[in-house]
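**Student:** Before we start, here is the structure in question, set down as structure tokens.
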Amino acid sequence: MKITILFSILILSFHITIAHTEAMTFNNLTTGMGLSHGDVRCFYEDHDGFLWIGTADGLNKYDGIGFTVFKHDIKDSTSIPYSYINCIYEDKQNNLWIGLPTGLCRYNRDKNKVEKFSMIDSNNKNIDNQINQLFEDKSGRLWIGCDFGIYLFDRESNRFIEYFQNQQKPSDKIPECTGICQDKNGMLWFSFLYNKNYGLIKYNPETNTDIRYSANDPVYKLKENDIISLMIDNQDKLWIGYYTMGIDVLNEKRELIASYKNINNDESLGNNTISAIAQNKNEQILIGTMGNGIKVFNPDAKTFDNYTSTKSDNSLLSNSIQDIYISPDGIVWIACWGGGVSFYDKRFERFIHYKQESQNENSLSGSSVTCFTEDVDGNIWISTDGGGINKYNPQTNKFKNFRSNSNDPQSLTNDKVLAIEADKKGGLWAGMWQGGLNYFKIEGDRLILKKKYEFVDKNDLNSNCIFNIYNTPDNELWVGNYSTGLYKLNSATEKFNSIELSDEHLNYNSIRYITSDSYNNMWISSETFGLVKINRETGEMERFIHDEEDSTSLINLSINVIFEDSKKRLWVGGDGCGINLFNPKTKTFTHYLTEQGLPDNSVQGILEDGQGNLWISTLAGISKATIDTTNSTNSQLKLRFKNFTVQDGLQGKVFNRWAYLKSSNGEMYFGGLNGFNVFFPDSIKDNSFVPPVHLTDILLFN
């Protein structure tokens with residue numbers, strides 16, 4: 001029975017839609033990290049979880065940390081016979097096969113060696129052929145696609161059985177094979193390049209019959225006979241990638257249902273040379289081109305995203321894509337010719353990471369993030385230690401940098417900005433190390449200087465190092481200094497009044513944190529005298545300190561954060577003291593430390609999500625604390641910790657005190673020494689994939 005192909009061709013343009021919550025950000029593996037060569041050809045992840053990478057100069061075994069490289073060595077007859085790797089495939093018996101320009105090899109795990117198989121056909125003749133494709137069908141047969149011919153490899157006799165040869169014209173050789181796949185009905189599909197007669201074969205292994213598709217056939221019609229990529233998706237549709245004509249898609253009846261092609265505008269397929277096609281875990285189709293990077297097709301929205309090589313550290317290494325491989329855990333591996341390996345791991349997108357990129361003007365201006373604040377228009381302002389201030393627009397993912405300029409008296413006093421606070425009047429306060437206070441009016445993408453305080457206290461030359469700025473809900477501005485204490489702005493005189501926290505004479509008074517609670521109290525922490533509560537109506541003060549004889553007191557005086565949750569419970573965190581829950585009735589603290597599951601006892605910041613969970617930044621990553629109220633009293637709550645590390649996409653282990661924010665739309669920001677992370681707490685899901693664990697090395701006595 002012949003299959004009728006629809007002659008109407010649907011040319012779809014590409015609508016580029018990149019949202020920062022969905023866009024792919026890439027990490028890269030390069031020769032500087034141990035990869036043997038930057039021209040990458042192919043991938044395969046074996047049953048042990050090792051990623052095998054074929055390059056133009058060596059076979060690489062990647063264990064997630066480093067590389068083991070197999071190369072040809074003329075002095076070693078047991079080495080791999082050729083260093084140029086065309087394809088890699090693991091069969092159902094866990095044999096790892098490697099296709100070379102000089103033949104077929106198999107990796108021997110016991111000997112950690114690559115063994116070569118002589119290419120002998122069924123007539124006992126040597127076959128001089130380059131292997132381009134390896135594929136095991138549903139019946140366990142291993143198919144070999146070569147420069148000249150399709151072969152079935154008999155693993156018992158180690159013989160290569162040739163298919164599709166023309167008995168009438170033996171000289172009429174099968175052209176270069178570029179793809180092999182099998183559909184749900186068991187039909188095998190072979191694609192070819194450089195052939196004037198046909199470009200695609202559909203083969204029925206049960207009846208040993210085939211149908212050949214060509215550009216000249218009115219029924220089994222192709223755009224051209226040169227095909228360089230082939231894929232069958234989860235809906236059994238056949239995707240055909242041409243050498244010069246874009247893409248055709250055939251449905252399960254093998255009728256042409258769509259065609260994608262460059263139509264010479266910015267929203268169409270930028271390159272008609274389709275070098276790789278793959279489908280990821282989200283059912284998206286990833287399309288690799290030779291020269292224009294990757295297009296990602298969303299089958300539900302019928303839209304395309306565009307990814308190319310840019311100056312960004314998280315872009316593709318090259319626009320010339322050789323292969324796209326989806327590993328069992330969902331990681332997208334991309335072979336970038338001339339660059340190395342780019343990969344996208346969705347687990348890293350648990351926490352979107354923004355950092356300073358030296359060659360990208362639209363990036364963070366400094367590495368160490370010190371503070372966040374949100375203005376009345378929903379923009380996030382970010383201060384850095386040495387990089388000035390950044391305005392970040394969450395809708396466009398654009399950064400605008402503001403730096404100190406000695407030739408501009410209206411600019412920042414200096415770039416070491418430690419504290420930042422937006423007020424309800426559309427203004428922005430910035431506090432600097434040895435730079436005092438600056439107050440700006442926010443006007444679009446401009447900061448208009450309104451006032452500079454070189455010193456908070458004109459009579460104290462040490463009052464120019466600002467640690468904290470806090471604007472109360474009723475618009476009182478409080479400022480904490482590194483060594484001269486606490487101040488409050490008198491809005492009438494526009495001067496700061498010093499707030500004495502103790503009758504004791506103190507030469508050093510470093511304010512760590514300022515906030516207010518729901519009961520009209522101010523809470524201040526200081527390195528000198530611990531935690532202080534100030535009644536805003538009466539001015540009465542109460543101190544909480546560390547007492548070695550009282551296990552319910554603060555563990556130490558170094559408090560970095562004071563946080564009131566939605567239940568009006570007060571949590572305190574600091575250096576070496578974990579988090580502490582305050583009991584206002586008994587005026588005692590319950591401690592939660594690493595013994596209870598916290599990743600580190602030095603707590604830098606605390607936020608609360610919409611479900612009542614606490615998110616805690618530390619010197620060893622971020623922790624989510626779920627409060628278990630079962631069989632608990634308000635002062636003896638049980639916390640269950642879920643800890644996140646750099647492997648989850650965090651900017652680093654170390655997070656900075658004061659560098660955290662929950663925005664008006666519920667997004668959380670945490671900053672550290674390598675930029676900042678932003679995420680919606682509800683989007684942080686546990687990874688259900690359990691990777692295989694193997695010992696790769698054992699050391700005795702280090």
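Residues in the structure tokens are numbered from 1 in each chain, the chains being A, B, ... in the order shown, and ligands are numbered from 1 in the order shown.
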If you count only C-alpha atoms, which residues fall within 8 Å of Tyr151 of chain A, apart from same-chain ones fewer than 3 positions away, as a list of chain:residue names?

**Tutor:**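 Neighbouring residues, sequence-local ones excluded: A:Trp143, A:Ile144, A:Gly145, A:Cys146, A:Phe160, A:Ile161, A:Glu162, A:Tyr163.
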
**Student:** Using only N, CA, C and O atoms, please write the residues we just selected to a file, as a short mmCIF file (atom, residue, chain, number, x, y, z; two decimals), in the first residue's frame.

**Tutor:**
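Below is the file that was written, result.cif:
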```cif
data_model
loop_
_atom_site.label_atom_id
_atom_site.label_comp_id
_atom_site.auth_asym_id
_atom_site.auth_seq_id
_atom_site.Cartn_x
_atom_site.Cartn_y
_atom_site.Cartn_z
N TRP A 143 22.90 -1.77 14.03
CA TRP A 143 23.03 -1.25 12.68
C TRP A 143 24.19 -0.26 12.62
O TRP A 143 24.38 0.56 13.52
N ILE A 144 24.92 -0.35 11.51
CA ILE A 144 26.09 0.49 11.32
C ILE A 144 25.86 1.33 10.07
O ILE A 144 25.66 0.80 8.97
N GLY A 145 25.89 2.65 10.22
CA GLY A 145 25.77 3.54 9.08
C GLY A 145 27.13 4.09 8.71
O GLY A 145 27.82 4.69 9.54
N CYS A 146 27.53 3.91 7.46
CA CYS A 146 28.89 4.25 7.03
C CYS A 146 28.87 5.32 5.94
O CYS A 146 27.82 5.78 5.50
N PHE A 160 30.10 -8.05 9.19
CA PHE A 160 29.28 -6.93 8.79
C PHE A 160 28.47 -7.35 7.56
O PHE A 160 29.05 -7.65 6.51
N ILE A 161 27.14 -7.34 7.71
CA ILE A 161 26.26 -7.78 6.63
C ILE A 161 25.70 -6.54 5.93
O ILE A 161 25.03 -5.70 6.55
N GLU A 162 25.96 -6.41 4.64
CA GLU A 162 25.57 -5.22 3.90
C GLU A 162 24.09 -5.28 3.52
O GLU A 162 23.56 -6.33 3.16
N TYR A 163 23.42 -4.11 3.59
CA TYR A 163 22.00 -3.98 3.24
C TYR A 163 21.83 -2.94 2.13
O TYR A 163 22.66 -2.03 1.97
#
```

**Student:** Tell me, as a VMD selection string, which residues lie within 8 Å of Ser463 of chain A, counting only C-alpha atoms; anything in the same chain fewer than 4 positions away does not count.

**Tutor:** chain A and resid 436 455 to 458 481 to 484

**Student:** Just write the chosen residues, N, CA and C atoms, as a PDB file, in the first residue's frame.

**Tutor:**
```
ATOM      1  N   GLY A 436      29.743  57.609  53.401  1.00  0.00           N
ATOM      2  CA  GLY A 436      28.553  58.214  53.955  1.00  0.00           C
ATOM      3  C   GLY A 436      27.276  57.774  53.258  1.00  0.00           C
ATOM      4  N   PHE A 455      29.198  62.530  56.261  1.00  0.00           N
ATOM      5  CA  PHE A 455      29.206  61.866  57.562  1.00  0.00           C
ATOM      6  C   PHE A 455      27.795  61.917  58.131  1.00  0.00           C
ATOM      7  N   VAL A 456      27.351  60.812  58.730  1.00  0.00           N
ATOM      8  CA  VAL A 456      26.037  60.823  59.372  1.00  0.00           C
ATOM      9  C   VAL A 456      26.055  61.786  60.556  1.00  0.00           C
ATOM     10  N   ASP A 457      27.168  61.773  61.274  1.00  0.00           N
ATOM     11  CA  ASP A 457      27.387  62.702  62.384  1.00  0.00           C
ATOM     12  C   ASP A 457      28.559  63.593  61.995  1.00  0.00           C
ATOM     13  N   LYS A 458      28.299  64.873  61.745  1.00  0.00           N
ATOM     14  CA  LYS A 458      29.355  65.773  61.292  1.00  0.00           C
ATOM     15  C   LYS A 458      30.492  65.896  62.297  1.00  0.00           C
ATOM     16  N   ASN A 481      25.663  52.417  61.672  1.00  0.00           N
ATOM     17  CA  ASN A 481      27.030  52.675  61.256  1.00  0.00           C
ATOM     18  C   ASN A 481      27.957  51.546  61.697  1.00  0.00           C
ATOM     19  N   TYR A 482      29.100  51.452  61.033  1.00  0.00           N
ATOM     20  CA  TYR A 482      30.058  50.405  61.352  1.00  0.00           C
ATOM     21  C   TYR A 482      30.606  50.532  62.769  1.00  0.00           C
ATOM     22  N   SER A 483      30.854  51.759  63.229  1.00  0.00           N
ATOM     23  CA  SER A 483      31.520  51.910  64.531  1.00  0.00           C
ATOM     24  C   SER A 483      30.935  52.982  65.434  1.00  0.00           C
ATOM     25  N   THR A 484      30.005  53.790  64.916  1.00  0.00           N
ATOM     26  CA  THR A 484      29.521  54.910  65.732  1.00  0.00           C
ATOM     27  C   THR A 484      28.056  54.788  66.125  1.00  0.00           C
TER      28      THR A 484
END
```

**Student:** Between atom CA of His72 of chain A and atom CA of Lys111 of chain A, measure the distance and give it in Å to one decimal.

**Tutor:**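 Interatomic distance, atom CA of His72 of chain A to atom CA of Lys111 of chain A: 16.4 Å.
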
**Student:** With only C-alpha atoms as the counted atoms, please give the residues lying no more than 6 Å from Val678 of chain A, apart from itself and same-chain residues fewer than 3 positions off, as a PyMOL selection string.

**Tutor:** chain A and resi 351-352+668-669

**Student:** Using only C-alpha atoms, determine which residues lie at most 12 Å from Asp600 of chain A, disregarding the query and same-chain residues fewer than 2 positions distant; provide the list as a PyMOL selection string.

**Tutor:** chain A and resi 573-579+592-598+602-604+616-623+641+643-645+653-655

**Student:** May I ask for the distance between atom CA of Tyr453 of chain A and atom CA of Lys495 of chain A, given in Å to one decimal place?

**Tutor:**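 Here the two named atoms are 9.1 Å from each other.
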
**Student:** Go ahead and compute the interatomic distance for atom CA of Ser502 of chain A and atom CA of Tyr519 of chain A, in Å to one decimal.

**Tutor:**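 A separation of 22.0 Å between them.
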
**Student:** Using DSSP secondary structure from the backbone, list all helix (DSSP H, G or I) positions within segment 326-464 of chain A, as a ChimeraX atom specification.

**Tutor:** /A:346-350

**Student:** Please identify the strand (DSSP E) residues within segment 442-551 of chain A (assignment by DSSP from backbone atoms) and present them as a short mmCIF file (atom, residue, chain, number, x, y, z; two decimals) with N, CA and C atoms, in the first residue's frame.

**Tutor:**
```cif
data_model
loop_
_atom_site.label_atom_id
_atom_site.label_comp_id
_atom_site.auth_asym_id
_atom_site.auth_seq_id
_atom_site.Cartn_x
_atom_site.Cartn_y
_atom_site.Cartn_z
N ILE A 442 14.59 58.56 41.98
CA ILE A 442 14.58 57.63 40.86
C ILE A 442 13.69 58.20 39.76
N GLU A 443 14.27 58.43 38.59
CA GLU A 443 13.51 58.90 37.44
C GLU A 443 13.82 58.00 36.25
N ARG A 446 17.36 56.82 35.48
CA ARG A 446 18.32 57.80 35.99
C ARG A 446 18.18 57.94 37.50
N LEU A 447 19.31 58.27 38.14
CA LEU A 447 19.32 58.62 39.55
C LEU A 447 19.70 60.10 39.67
N ILE A 448 18.80 60.89 40.23
CA ILE A 448 19.04 62.32 40.39
C ILE A 448 19.43 62.58 41.84
N LEU A 449 20.67 63.02 42.05
CA LEU A 449 21.16 63.24 43.41
C LEU A 449 20.40 64.38 44.08
N LYS A 450 19.90 64.12 45.28
CA LYS A 450 19.18 65.13 46.05
C LYS A 450 19.98 65.62 47.26
N LYS A 451 20.73 64.68 47.89
CA LYS A 451 21.48 65.10 49.07
C LYS A 451 22.60 64.11 49.35
N LYS A 452 23.73 64.63 49.82
CA LYS A 452 24.84 63.78 50.24
C LYS A 452 25.16 64.07 51.70
N TYR A 453 25.32 62.99 52.45
CA TYR A 453 25.79 63.09 53.83
C TYR A 453 27.18 62.45 53.86
N ILE A 466 28.61 53.05 56.42
CA ILE A 466 27.22 52.68 56.65
C ILE A 466 27.04 51.18 56.48
N PHE A 467 26.44 50.55 57.48
CA PHE A 467 26.15 49.12 57.45
C PHE A 467 24.68 48.84 57.11
N ASN A 468 23.76 49.63 57.67
CA ASN A 468 22.32 49.36 57.53
C ASN A 468 21.54 50.63 57.25
N ILE A 469 20.51 50.48 56.42
CA ILE A 469 19.51 51.54 56.24
C ILE A 469 18.15 50.87 56.33
N TYR A 470 17.28 51.38 57.18
CA TYR A 470 15.96 50.78 57.33
C TYR A 470 14.90 51.87 57.36
N ASN A 471 13.90 51.73 56.49
CA ASN A 471 12.78 52.66 56.44
C ASN A 471 11.57 51.95 57.02
N LEU A 477 13.35 56.90 58.89
CA LEU A 477 14.59 56.35 58.37
C LEU A 477 15.60 56.15 59.50
N TRP A 478 16.06 54.91 59.63
CA TRP A 478 17.06 54.55 60.64
C TRP A 478 18.32 54.09 59.90
N VAL A 479 19.47 54.45 60.46
CA VAL A 479 20.75 54.13 59.84
C VAL A 479 21.69 53.54 60.88
N GLY A 480 22.36 52.44 60.52
CA GLY A 480 23.35 51.82 61.39
C GLY A 480 24.74 52.00 60.82
N ASN A 481 25.66 52.42 61.67
CA ASN A 481 27.03 52.67 61.26
C ASN A 481 27.96 51.55 61.70
N LEU A 486 23.82 53.94 66.19
CA LEU A 486 22.52 53.99 65.55
C LEU A 486 22.05 55.44 65.42
N TYR A 487 21.40 55.74 64.26
CA TYR A 487 20.92 57.09 63.99
C TYR A 487 19.50 57.03 63.42
N LYS A 488 18.76 58.12 63.67
CA LYS A 488 17.42 58.27 63.08
C LYS A 488 17.33 59.64 62.44
N LEU A 489 16.76 59.70 61.23
CA LEU A 489 16.67 60.95 60.49
C LEU A 489 15.52 61.80 61.03
N ASN A 490 15.82 63.05 61.30
CA ASN A 490 14.80 64.03 61.63
C ASN A 490 14.35 64.65 60.31
N LYS A 495 18.49 66.15 59.42
CA LYS A 495 19.71 65.76 60.12
C LYS A 495 19.47 64.46 60.87
N PHE A 496 20.55 63.73 61.14
CA PHE A 496 20.45 62.47 61.86
C PHE A 496 20.76 62.65 63.33
N ASN A 497 19.88 62.11 64.15
CA ASN A 497 20.08 62.13 65.59
C ASN A 497 20.62 60.78 66.05
N SER A 498 21.60 60.81 66.93
CA SER A 498 22.18 59.59 67.46
C SER A 498 21.24 58.97 68.50
N ILE A 499 21.08 57.66 68.45
CA ILE A 499 20.25 56.93 69.41
C ILE A 499 21.18 56.13 70.31
N ILE A 511 26.62 48.45 64.35
CA ILE A 511 25.24 48.03 64.20
C ILE A 511 25.15 46.99 63.09
N ARG A 512 24.67 45.81 63.45
CA ARG A 512 24.57 44.71 62.48
C ARG A 512 23.22 44.71 61.74
N TYR A 513 22.14 45.07 62.43
CA TYR A 513 20.83 44.94 61.79
C TYR A 513 19.81 45.84 62.47
N ILE A 514 18.84 46.33 61.65
CA ILE A 514 17.75 47.18 62.15
C ILE A 514 16.45 46.70 61.52
N THR A 515 15.40 46.54 62.33
CA THR A 515 14.08 46.23 61.79
C THR A 515 13.03 46.60 62.82
N SER A 516 11.77 46.43 62.45
CA SER A 516 10.67 46.68 63.38
C SER A 516 9.73 45.49 63.36
N ASN A 521 7.70 47.87 67.99
CA ASN A 521 9.04 47.83 68.58
C ASN A 521 10.09 47.89 67.48
N MET A 522 11.21 48.52 67.77
CA MET A 522 12.39 48.45 66.92
C MET A 522 13.31 47.39 67.51
N TRP A 523 13.94 46.63 66.62
CA TRP A 523 14.91 45.63 67.04
C TRP A 523 16.26 45.95 66.37
N ILE A 524 17.30 45.99 67.18
CA ILE A 524 18.63 46.34 66.70
C ILE A 524 19.63 45.33 67.24
N SER A 525 20.53 44.90 66.39
CA SER A 525 21.61 44.04 66.88
C SER A 525 22.93 44.77 66.74
N SER A 526 23.81 44.51 67.67
CA SER A 526 25.11 45.15 67.69
C SER A 526 26.16 44.16 68.16
N GLY A 530 24.82 42.86 71.90
CA GLY A 530 23.79 41.90 71.58
C GLY A 530 22.57 42.47 70.91
N LEU A 531 21.40 42.00 71.35
CA LEU A 531 20.12 42.33 70.74
C LEU A 531 19.38 43.33 71.63
N VAL A 532 18.83 44.38 71.00
CA VAL A 532 18.13 45.43 71.75
C VAL A 532 16.74 45.62 71.17
N LYS A 533 15.76 45.67 72.05
CA LYS A 533 14.39 46.00 71.67
C LYS A 533 14.07 47.39 72.19
N ILE A 534 13.54 48.26 71.29
CA ILE A 534 13.18 49.62 71.68
C ILE A 534 11.69 49.81 71.47
N ASN A 535 10.98 50.16 72.53
CA ASN A 535 9.57 50.49 72.42
C ASN A 535 9.46 51.88 71.80
N MET A 541 14.09 50.51 76.52
CA MET A 541 14.97 49.54 75.86
C MET A 541 15.13 48.29 76.71
N GLU A 542 15.31 47.18 76.01
CA GLU A 542 15.54 45.91 76.68
C GLU A 542 16.63 45.16 75.92
N ARG A 543 17.60 44.66 76.65
CA ARG A 543 18.74 43.98 76.04
C ARG A 543 18.65 42.48 76.23
N PHE A 544 19.15 41.76 75.21
CA PHE A 544 19.26 40.30 75.27
C PHE A 544 20.69 39.95 74.89
#
```

**Student:** For segment 334-349 of chain A, please output as a list in words all residues within 6 Å (counting only C-alpha atoms; exclusion window: fewer than 4 positions along the same chain).

**Tutor:**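 Surrounding residues, per the criterion: Phe26, Asn27, Asn28, Leu29, Thr30, Gly38, Asp39, Val40, Arg41, Leu316, Leu317, Ser318, Ser320, Ile321, Gln322, Asp323, Ile324, Asp648 and Gly649 of chain A.
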
**Student:** Suppose we keep N, CA and C atoms; can you now write the selection as a PDB file, in the first residue's frame?

**Tutor:**
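Result went into selection.pdb, see below:
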```pdb
ATOM      1  N   PHE A  26      23.238  28.185  29.913  1.00  0.00           N
ATOM      2  CA  PHE A  26      24.150  27.075  29.665  1.00  0.00           C
ATOM      3  C   PHE A  26      25.386  27.159  30.553  1.00  0.00           C
ATOM      4  N   ASN A  27      25.839  25.993  30.968  1.00  0.00           N
ATOM      5  CA  ASN A  27      27.162  25.852  31.541  1.00  0.00           C
ATOM      6  C   ASN A  27      28.038  25.180  30.487  1.00  0.00           C
ATOM      7  N   ASN A  28      29.342  25.312  30.636  1.00  0.00           N
ATOM      8  CA  ASN A  28      30.224  24.885  29.562  1.00  0.00           C
ATOM      9  C   ASN A  28      31.388  24.041  30.055  1.00  0.00           C
ATOM     10  N   LEU A  29      31.822  23.121  29.192  1.00  0.00           N
ATOM     11  CA  LEU A  29      33.033  22.329  29.411  1.00  0.00           C
ATOM     12  C   LEU A  29      33.974  22.632  28.254  1.00  0.00           C
ATOM     13  N   THR A  30      35.195  23.031  28.589  1.00  0.00           N
ATOM     14  CA  THR A  30      36.144  23.452  27.567  1.00  0.00           C
ATOM     15  C   THR A  30      37.471  22.727  27.727  1.00  0.00           C
ATOM     16  N   GLY A  38      38.286  21.091  21.324  1.00  0.00           N
ATOM     17  CA  GLY A  38      37.109  21.948  21.271  1.00  0.00           C
ATOM     18  C   GLY A  38      36.128  21.606  20.177  1.00  0.00           C
ATOM     19  N   ASP A  39      36.547  20.773  19.206  1.00  0.00           N
ATOM     20  CA  ASP A  39      35.633  20.347  18.151  1.00  0.00           C
ATOM     21  C   ASP A  39      34.930  19.074  18.611  1.00  0.00           C
ATOM     22  N   VAL A  40      33.705  19.231  19.114  1.00  0.00           N
ATOM     23  CA  VAL A  40      32.968  18.113  19.715  1.00  0.00           C
ATOM     24  C   VAL A  40      31.994  17.544  18.695  1.00  0.00           C
ATOM     25  N   ARG A  41      31.943  16.198  18.630  1.00  0.00           N
ATOM     26  CA  ARG A  41      31.151  15.510  17.613  1.00  0.00           C
ATOM     27  C   ARG A  41      29.898  14.836  18.151  1.00  0.00           C
ATOM     28  N   LEU A 316      25.776  29.636  24.477  1.00  0.00           N
ATOM     29  CA  LEU A 316      26.443  28.556  23.761  1.00  0.00           C
ATOM     30  C   LEU A 316      27.883  28.935  23.454  1.00  0.00           C
ATOM     31  N   LEU A 317      28.748  27.919  23.416  1.00  0.00           N
ATOM     32  CA  LEU A 317      30.153  28.164  23.098  1.00  0.00           C
ATOM     33  C   LEU A 317      30.369  28.445  21.617  1.00  0.00           C
ATOM     34  N   SER A 318      29.448  27.968  20.783  1.00  0.00           N
ATOM     35  CA  SER A 318      29.584  28.150  19.340  1.00  0.00           C
ATOM     36  C   SER A 318      28.204  28.069  18.705  1.00  0.00           C
ATOM     37  N   SER A 320      27.866  26.716  15.702  1.00  0.00           N
ATOM     38  CA  SER A 320      27.910  25.543  14.820  1.00  0.00           C
ATOM     39  C   SER A 320      27.694  24.293  15.657  1.00  0.00           C
ATOM     40  N   ILE A 321      26.500  23.736  15.584  1.00  0.00           N
ATOM     41  CA  ILE A 321      26.089  22.629  16.441  1.00  0.00           C
ATOM     42  C   ILE A 321      26.277  21.301  15.702  1.00  0.00           C
ATOM     43  N   GLN A 322      26.996  20.379  16.333  1.00  0.00           N
ATOM     44  CA  GLN A 322      27.242  19.071  15.743  1.00  0.00           C
ATOM     45  C   GLN A 322      26.267  18.001  16.250  1.00  0.00           C
ATOM     46  N   ASP A 323      25.872  18.109  17.506  1.00  0.00           N
ATOM     47  CA  ASP A 323      25.012  17.074  18.089  1.00  0.00           C
ATOM     48  C   ASP A 323      24.257  17.665  19.270  1.00  0.00           C
ATOM     49  N   ILE A 324      23.042  17.160  19.507  1.00  0.00           N
ATOM     50  CA  ILE A 324      22.264  17.480  20.710  1.00  0.00           C
ATOM     51  C   ILE A 324      21.857  16.155  21.327  1.00  0.00           C
ATOM     52  N   ASP A 648      22.856  22.788  42.964  1.00  0.00           N
ATOM     53  CA  ASP A 648      21.484  23.161  42.633  1.00  0.00           C
ATOM     54  C   ASP A 648      21.416  24.483  41.871  1.00  0.00           C
ATOM     55  N   GLY A 649      22.565  25.085  41.636  1.00  0.00           N
ATOM     56  CA  GLY A 649      22.599  26.334  40.890  1.00  0.00           C
ATOM     57  C   GLY A 649      22.858  27.562  41.726  1.00  0.00           C
TER      58      GLY A 649
END
```

**Student:** Residues within 8 Å of segment 78-90 of chain A, please, as a ChimeraX atom specification. Count only C-alpha atoms; anything in the same chain fewer than 2 positions from it doesn't count.

**Tutor:** /A:41-44,46,52,54-59,70-73,76,92-102,105,113-116,131-135

**Student:** For segment 389-394 of chain A, please output as a list in words all residues within 7 Å (counting only C-alpha atoms; exclusion window: fewer than 3 positions along the same chain).

**Tutor:**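 Those residues are Leu364, Ser365, Asn379, Ile380, Trp381, Ile382, Ser383, Thr384, Asn397, Lys398, Phe399, Lys400, Asn401, Phe402 and Arg403 of chain A.
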